[in-house]
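Engineer: Below you will find the structure I want to go over with you.
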Amino acid sequence: GKRIWHEIAGTLINPMHGFNRLMTGEMAAHGPNEREHDPGFLGIRIDLGASSVGQSGSLNDATTRGFSSFDFQYGDPWRKAFSKPFDFFRMSVQLNAKNKKVLGRLQVDGILYADQLRDDSKWLFAVGQNYDYINNDALEFGRHAVSVGALSRFPISDGLELRGAANANLIILGGINSEFVGINDRTYDYGPGAGLGITLRLVQPGSLFRYGFLGYRLEYIYTVSGADSDHVAQVISAGAAVPVWRTLGIGIDGTIAQRDSHFRDFPDVSQRNPQVRAYLTWWLY
């Protein structure tokens with residue numbers, strides 16, 4: 001019965017594939033599941049809490065609103081060998097209450113290629129594709145990029161692992177908020193660029209729960225559509241979480257976003273926005 005309902009549900013989602021399975025006999029065939037159908041790891045984490053964002057460089061004038069976020073990870077390069085692009089990818093979405101945009105953040109990272117850097121299986125070389133979108137009262141930023149870097153993994157105990165990542169990226173197209181765009185009502189400049197990122201995470205293996213994390217990102221965008229300008233954005237983030245009951249925990253994190261924009265025909269602008277979030281976290285896998 002379970003198999004029948006799976007076939008019916010799959011056909012409703014993808015009718016042509018279901019028809020092909022019916023015509024080729026795969027719909028009623030018995031046999032082992034194909035290796036590629038097992039990602040090795042599926043992780044889901046949901047956070048729910050409050051976020052305070054400072055508007056003028058400090059939290060004294062911060063605006064506090066509710067938020068919810070959803071993290072999904074397909075595959076894990078440390079649990080299954082890489083065989084084809086997007087064997088491993090991760091998506092993170094944040095929804096903000098009473099902000100100028102409900103969708104405040106969307107990030108998708110996929111691995112196009114990965115291989116061991118050393119025989120001890122603690123280092124991986126990785127080429128990735130990245131998409132970022134951030135839009136809230138303080139910052140507008142987006143990019144589509146390709147990255148090259150290294151991933152590391154150091155087991156500490158059965159339930160604790162330190163994971164790191166360092167990469168350089170080429171921004172194919174990026175956008176960042178600007179005070180002097182001059183194109184209709186648009187509030188951001190467009191252009192290519194480059195960047196780098198470093199992250200450290202103390203994680204629970206086999207789940208998306210993080211005991212702690214520390215990250216730094218540097219992004220440069222050269223404007224080709226908008227005000228004649230160069231933009232440099234830096235983001236420093238840190239946070240910690242503790243489990244309280246089964247797969248439920250509590251967490252807190254902080255972020256400082258710094259934007260320095262150099263305009264050819266207008267005064268330079270520096271913008272700093274701190275953010276603090278406190279939340280409940282629930283990891284399903």
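Residue numbers start at 1 in each chain; chains themselves are named A, B, ... in the order of the structure tokens; ligands are numbered from 1 in the order shown.
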Write down as a PyMOL selection string the residues of range 3-243 of chain A whose backbone DSSP state falls under strand (DSSP E).
Structural biologist: chain A and resi 42-53+63-74+89-96+103-116+123-135+140-157+160-177+188-203+210-222+229-243
Engineer: Residues within 9 Å of Glu36 in chain A, please, as number ranges by chain. Count only C-alpha atoms; anything in the same chain fewer than 2 positions from it doesn't count.
Structural biologist: A: 33-34, 38-39, 83, 87
Engineer: Find the residue from A:Met27, A:Ala9, A:Ala145, A:Ala240 that sits nearest to Leu214 in chain A; use only C-alpha atoms when measuring.
Structural biologist: A:Ala240
Engineer: Go through range 23-64 of chain A residue by residue and, counting only C-alpha atoms, keep those with an atom at most 12 Å from range 247-269 of chain A; for each kept residue give the shortest atom pair and its distance in Å to one decimal, ordered by chain and increasing number, as JSON lines.
Structural biologist:
```
{"residue": "A:Ile44", "atom": "CA", "partner": "A:Thr247", "partner_atom": "CA", "distance": 11.2}
{"residue": "A:Arg45", "atom": "CA", "partner": "A:Thr247", "partner_atom": "CA", "distance": 9.7}
{"residue": "A:Ile46", "atom": "CA", "partner": "A:Leu248", "partner_atom": "CA", "distance": 9.8}
{"residue": "A:Asp47", "atom": "CA", "partner": "A:Gly251", "partner_atom": "CA", "distance": 8.8}
{"residue": "A:Leu48", "atom": "CA", "partner": "A:Ile250", "partner_atom": "CA", "distance": 9.6}
{"residue": "A:Gly49", "atom": "CA", "partner": "A:Gly251", "partner_atom": "CA", "distance": 9.2}
{"residue": "A:Ala50", "atom": "CA", "partner": "A:Ile252", "partner_atom": "CA", "distance": 9.8}
{"residue": "A:Ser51", "atom": "CA", "partner": "A:Gly254", "partner_atom": "CA", "distance": 9.5}
{"residue": "A:Ser52", "atom": "CA", "partner": "A:Gly254", "partner_atom": "CA", "distance": 9.5}
{"residue": "A:Val53", "atom": "CA", "partner": "A:Thr255", "partner_atom": "CA", "distance": 9.2}
{"residue": "A:Gly54", "atom": "CA", "partner": "A:Ile256", "partner_atom": "CA", "distance": 9.5}
{"residue": "A:Gln55", "atom": "CA", "partner": "A:Ala257", "partner_atom": "CA", "distance": 10.8}
{"residue": "A:Ser56", "atom": "CA", "partner": "A:Gln258", "partner_atom": "CA", "distance": 11.0}
{"residue": "A:Gly57", "atom": "CA", "partner": "A:Ile256", "partner_atom": "CA", "distance": 8.9}
{"residue": "A:Ser58", "atom": "CA", "partner": "A:Ile256", "partner_atom": "CA", "distance": 9.6}
{"residue": "A:Leu59", "atom": "CA", "partner": "A:Ile256", "partner_atom": "CA", "distance": 10.7}
```
Engineer: List the neighbours of range 147-158 of chain A out to 12 Å using only C-alpha atoms; skip same-chain residues closer than 6 positions along the sequence, and give me the result as a PDB file with N, CA and C atoms, in the first residue's frame.
Structural biologist:
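Ended up saving to selection-v4.pdb:
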```
ATOM      1  N   ASP A  76      25.651  15.363   2.425  1.00  0.00           N
ATOM      2  CA  ASP A  76      26.738  15.785   3.304  1.00  0.00           C
ATOM      3  C   ASP A  76      28.034  15.249   2.699  1.00  0.00           C
ATOM      4  N   PRO A  77      28.961  16.122   2.295  1.00  0.00           N
ATOM      5  CA  PRO A  77      30.186  15.649   1.635  1.00  0.00           C
ATOM      6  C   PRO A  77      31.057  14.765   2.515  1.00  0.00           C
ATOM      7  N   TRP A  78      30.790  14.755   3.834  1.00  0.00           N
ATOM      8  CA  TRP A  78      31.573  13.916   4.741  1.00  0.00           C
ATOM      9  C   TRP A  78      30.927  12.552   4.956  1.00  0.00           C
ATOM     10  N   ARG A  79      29.697  12.375   4.477  1.00  0.00           N
ATOM     11  CA  ARG A  79      28.997  11.111   4.691  1.00  0.00           C
ATOM     12  C   ARG A  79      28.819  10.302   3.409  1.00  0.00           C
ATOM     13  N   ASP A 109      23.303  27.359  -1.413  1.00  0.00           N
ATOM     14  CA  ASP A 109      24.680  26.994  -1.727  1.00  0.00           C
ATOM     15  C   ASP A 109      24.718  25.548  -2.184  1.00  0.00           C
ATOM     16  N   GLY A 110      25.293  25.314  -3.350  1.00  0.00           N
ATOM     17  CA  GLY A 110      25.423  23.965  -3.880  1.00  0.00           C
ATOM     18  C   GLY A 110      26.853  23.671  -4.268  1.00  0.00           C
ATOM     19  N   ILE A 111      27.270  22.416  -4.150  1.00  0.00           N
ATOM     20  CA  ILE A 111      28.627  22.012  -4.519  1.00  0.00           C
ATOM     21  C   ILE A 111      28.608  21.428  -5.926  1.00  0.00           C
ATOM     22  N   LEU A 112      29.418  22.026  -6.804  1.00  0.00           N
ATOM     23  CA  LEU A 112      29.523  21.561  -8.185  1.00  0.00           C
ATOM     24  C   LEU A 112      30.571  20.464  -8.332  1.00  0.00           C
ATOM     25  N   TYR A 113      31.603  20.522  -7.505  1.00  0.00           N
ATOM     26  CA  TYR A 113      32.679  19.530  -7.557  1.00  0.00           C
ATOM     27  C   TYR A 113      33.362  19.473  -6.195  1.00  0.00           C
ATOM     28  N   ALA A 114      33.741  18.282  -5.763  1.00  0.00           N
ATOM     29  CA  ALA A 114      34.449  18.117  -4.489  1.00  0.00           C
ATOM     30  C   ALA A 114      35.380  16.929  -4.572  1.00  0.00           C
ATOM     31  N   ASP A 115      36.531  17.045  -3.909  1.00  0.00           N
ATOM     32  CA  ASP A 115      37.498  15.955  -3.871  1.00  0.00           C
ATOM     33  C   ASP A 115      38.369  16.128  -2.640  1.00  0.00           C
ATOM     34  N   GLN A 116      38.951  15.035  -2.166  1.00  0.00           N
ATOM     35  CA  GLN A 116      39.792  15.072  -0.985  1.00  0.00           C
ATOM     36  C   GLN A 116      41.087  15.816  -1.285  1.00  0.00           C
ATOM     37  N   LEU A 117      41.491  16.672  -0.341  1.00  0.00           N
ATOM     38  CA  LEU A 117      42.776  17.338  -0.447  1.00  0.00           C
ATOM     39  C   LEU A 117      43.886  16.492   0.172  1.00  0.00           C
ATOM     40  N   ARG A 118      43.515  15.666   1.156  1.00  0.00           N
ATOM     41  CA  ARG A 118      44.480  14.804   1.835  1.00  0.00           C
ATOM     42  C   ARG A 118      43.853  13.432   2.046  1.00  0.00           C
ATOM     43  N   ASP A 120      43.627  11.751   4.734  1.00  0.00           N
ATOM     44  CA  ASP A 120      43.041  11.517   6.054  1.00  0.00           C
ATOM     45  C   ASP A 120      41.562  11.878   6.112  1.00  0.00           C
ATOM     46  N   SER A 121      40.976  12.288   4.978  1.00  0.00           N
ATOM     47  CA  SER A 121      39.538  12.603   4.867  1.00  0.00           C
ATOM     48  C   SER A 121      39.109  13.747   5.774  1.00  0.00           C
ATOM     49  N   LYS A 122      40.036  14.631   6.128  1.00  0.00           N
ATOM     50  CA  LYS A 122      39.689  15.777   6.958  1.00  0.00           C
ATOM     51  C   LYS A 122      39.636  17.075   6.168  1.00  0.00           C
ATOM     52  N   TRP A 123      40.044  17.041   4.897  1.00  0.00           N
ATOM     53  CA  TRP A 123      40.034  18.235   4.066  1.00  0.00           C
ATOM     54  C   TRP A 123      39.450  17.912   2.697  1.00  0.00           C
ATOM     55  N   LEU A 124      38.592  18.801   2.200  1.00  0.00           N
ATOM     56  CA  LEU A 124      38.011  18.660   0.874  1.00  0.00           C
ATOM     57  C   LEU A 124      38.236  19.941   0.081  1.00  0.00           C
ATOM     58  N   PHE A 125      38.550  19.778  -1.190  1.00  0.00           N
ATOM     59  CA  PHE A 125      38.551  20.888  -2.132  1.00  0.00           C
ATOM     60  C   PHE A 125      37.166  20.947  -2.768  1.00  0.00           C
ATOM     61  N   ALA A 126      36.591  22.137  -2.839  1.00  0.00           N
ATOM     62  CA  ALA A 126      35.212  22.241  -3.339  1.00  0.00           C
ATOM     63  C   ALA A 126      35.039  23.453  -4.235  1.00  0.00           C
ATOM     64  N   VAL A 127      34.255  23.252  -5.294  1.00  0.00           N
ATOM     65  CA  VAL A 127      33.806  24.338  -6.172  1.00  0.00           C
ATOM     66  C   VAL A 127      32.300  24.445  -5.997  1.00  0.00           C
ATOM     67  N   GLY A 128      31.810  25.628  -5.721  1.00  0.00           N
ATOM     68  CA  GLY A 128      30.392  25.776  -5.416  1.00  0.00           C
ATOM     69  C   GLY A 128      29.714  26.874  -6.215  1.00  0.00           C
ATOM     70  N   GLN A 129      28.393  26.838  -6.188  1.00  0.00           N
ATOM     71  CA  GLN A 129      27.555  27.895  -6.773  1.00  0.00           C
ATOM     72  C   GLN A 129      26.706  28.471  -5.658  1.00  0.00           C
ATOM     73  N   ASN A 130      26.642  29.801  -5.580  1.00  0.00           N
ATOM     74  CA  ASN A 130      26.015  30.465  -4.430  1.00  0.00           C
ATOM     75  C   ASN A 130      25.033  31.531  -4.880  1.00  0.00           C
ATOM     76  N   TYR A 131      23.916  31.585  -4.171  1.00  0.00           N
ATOM     77  CA  TYR A 131      22.928  32.638  -4.385  1.00  0.00           C
ATOM     78  C   TYR A 131      22.558  33.221  -3.025  1.00  0.00           C
ATOM     79  N   GLY A 164      34.921  23.534   9.330  1.00  0.00           N
ATOM     80  CA  GLY A 164      35.341  24.835   8.839  1.00  0.00           C
ATOM     81  C   GLY A 164      35.218  24.929   7.341  1.00  0.00           C
ATOM     82  N   ALA A 165      35.170  26.151   6.838  1.00  0.00           N
ATOM     83  CA  ALA A 165      35.106  26.389   5.395  1.00  0.00           C
ATOM     84  C   ALA A 165      35.780  27.717   5.102  1.00  0.00           C
ATOM     85  N   ALA A 166      36.578  27.739   4.038  1.00  0.00           N
ATOM     86  CA  ALA A 166      37.207  28.970   3.560  1.00  0.00           C
ATOM     87  C   ALA A 166      37.109  28.983   2.046  1.00  0.00           C
ATOM     88  N   ASN A 167      36.654  30.090   1.482  1.00  0.00           N
ATOM     89  CA  ASN A 167      36.485  30.138   0.034  1.00  0.00           C
ATOM     90  C   ASN A 167      36.662  31.549  -0.497  1.00  0.00           C
ATOM     91  N   ALA A 168      37.027  31.611  -1.771  1.00  0.00           N
ATOM     92  CA  ALA A 168      37.035  32.857  -2.532  1.00  0.00           C
ATOM     93  C   ALA A 168      35.967  32.731  -3.607  1.00  0.00           C
ATOM     94  N   ASN A 169      35.296  33.816  -3.908  1.00  0.00           N
ATOM     95  CA  ASN A 169      34.197  33.730  -4.865  1.00  0.00           C
ATOM     96  C   ASN A 169      34.268  34.828  -5.917  1.00  0.00           C
ATOM     97  N   LEU A 170      33.774  34.496  -7.085  1.00  0.00           N
ATOM     98  CA  LEU A 170      33.617  35.443  -8.183  1.00  0.00           C
ATOM     99  C   LEU A 170      32.141  35.780  -8.305  1.00  0.00           C
ATOM    100  N   ILE A 171      31.803  37.046  -8.091  1.00  0.00           N
ATOM    101  CA  ILE A 171      30.409  37.480  -8.170  1.00  0.00           C
ATOM    102  C   ILE A 171      30.073  37.783  -9.620  1.00  0.00           C
ATOM    103  N   ILE A 172      29.228  36.964 -10.202  1.00  0.00           N
ATOM    104  CA  ILE A 172      28.815  37.168 -11.588  1.00  0.00           C
ATOM    105  C   ILE A 172      27.931  38.409 -11.691  1.00  0.00           C
ATOM    106  N   ALA A 194      33.847  40.379  -6.389  1.00  0.00           N
ATOM    107  CA  ALA A 194      34.573  39.241  -5.829  1.00  0.00           C
ATOM    108  C   ALA A 194      34.445  39.288  -4.320  1.00  0.00           C
ATOM    109  N   GLY A 195      34.805  38.188  -3.681  1.00  0.00           N
ATOM    110  CA  GLY A 195      34.709  38.151  -2.228  1.00  0.00           C
ATOM    111  C   GLY A 195      35.395  36.942  -1.643  1.00  0.00           C
ATOM    112  N   LEU A 196      35.333  36.854  -0.321  1.00  0.00           N
ATOM    113  CA  LEU A 196      35.874  35.697   0.385  1.00  0.00           C
ATOM    114  C   LEU A 196      35.057  35.475   1.643  1.00  0.00           C
ATOM    115  N   GLY A 197      35.137  34.255   2.164  1.00  0.00           N
ATOM    116  CA  GLY A 197      34.387  33.917   3.372  1.00  0.00           C
ATOM    117  C   GLY A 197      35.097  32.851   4.183  1.00  0.00           C
ATOM    118  N   ILE A 198      34.954  32.945   5.508  1.00  0.00           N
ATOM    119  CA  ILE A 198      35.532  31.974   6.439  1.00  0.00           C
ATOM    120  C   ILE A 198      34.475  31.658   7.495  1.00  0.00           C
ATOM    121  N   THR A 199      34.226  30.395   7.762  1.00  0.00           N
ATOM    122  CA  THR A 199      33.279  30.004   8.802  1.00  0.00           C
ATOM    123  C   THR A 199      33.842  28.858   9.629  1.00  0.00           C
ATOM    124  N   LEU A 200      33.489  28.855  10.906  1.00  0.00           N
ATOM    125  CA  LEU A 200      33.773  27.753  11.822  1.00  0.00           C
ATOM    126  C   LEU A 200      32.484  27.393  12.527  1.00  0.00           C
ATOM    127  N   ARG A 201      32.154  26.089  12.596  1.00  0.00           N
ATOM    128  CA  ARG A 201      30.921  25.655  13.234  1.00  0.00           C
ATOM    129  C   ARG A 201      31.210  24.472  14.149  1.00  0.00           C
ATOM    130  N   LEU A 202      30.666  24.529  15.346  1.00  0.00           N
ATOM    131  CA  LEU A 202      30.725  23.410  16.278  1.00  0.00           C
ATOM    132  C   LEU A 202      29.364  22.725  16.209  1.00  0.00           C
ATOM    133  N   VAL A 203      29.317  21.533  15.627  1.00  0.00           N
ATOM    134  CA  VAL A 203      28.040  20.930  15.265  1.00  0.00           C
ATOM    135  C   VAL A 203      27.849  19.568  15.921  1.00  0.00           C
ATOM    136  N   GLN A 204      26.611  19.124  15.882  1.00  0.00           N
ATOM    137  CA  GLN A 204      26.244  17.772  16.283  1.00  0.00           C
ATOM    138  C   GLN A 204      26.170  16.933  15.015  1.00  0.00           C
ATOM    139  N   PRO A 205      27.080  15.969  14.811  1.00  0.00           N
ATOM    140  CA  PRO A 205      27.080  15.181  13.573  1.00  0.00           C
ATOM    141  C   PRO A 205      25.730  14.501  13.344  1.00  0.00           C
ATOM    142  N   GLY A 206      25.307  14.484  12.082  1.00  0.00           N
ATOM    143  CA  GLY A 206      24.047  13.845  11.750  1.00  0.00           C
ATOM    144  C   GLY A 206      22.837  14.724  11.944  1.00  0.00           C
TER     145      GLY A 206
END
```
Engineer: Check the smallest atom-to-atom distance from each of A:Ile134, A:Val93, A:Ile236, A:Ala227 to Phe180 in chain A using only C-alpha atoms, then report the winner.
Structural biologist: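 Using only C-alpha atoms, the shortest distance to Phe180 in chain A belongs to A:Ala227.
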Engineer: Go through A:Arg90, A:Arg65, A:Arg21, A:His30 and flag the residue nearest Leu42 in chain A, using only C-alpha atoms for the distances.
Structural biologist: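 Answer, going by the shortest atom-to-atom distance: A:Arg90.
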Engineer: Identify which of the residues A:Glu179, A:Ile221, A:Phe88, A:Gly215 lies closest to His144 in chain A, counting only C-alpha atoms when measuring atom-to-atom distances.
Structural biologist: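 Looking at the shortest contact to His144 in chain A, the residue is A:Ile221.
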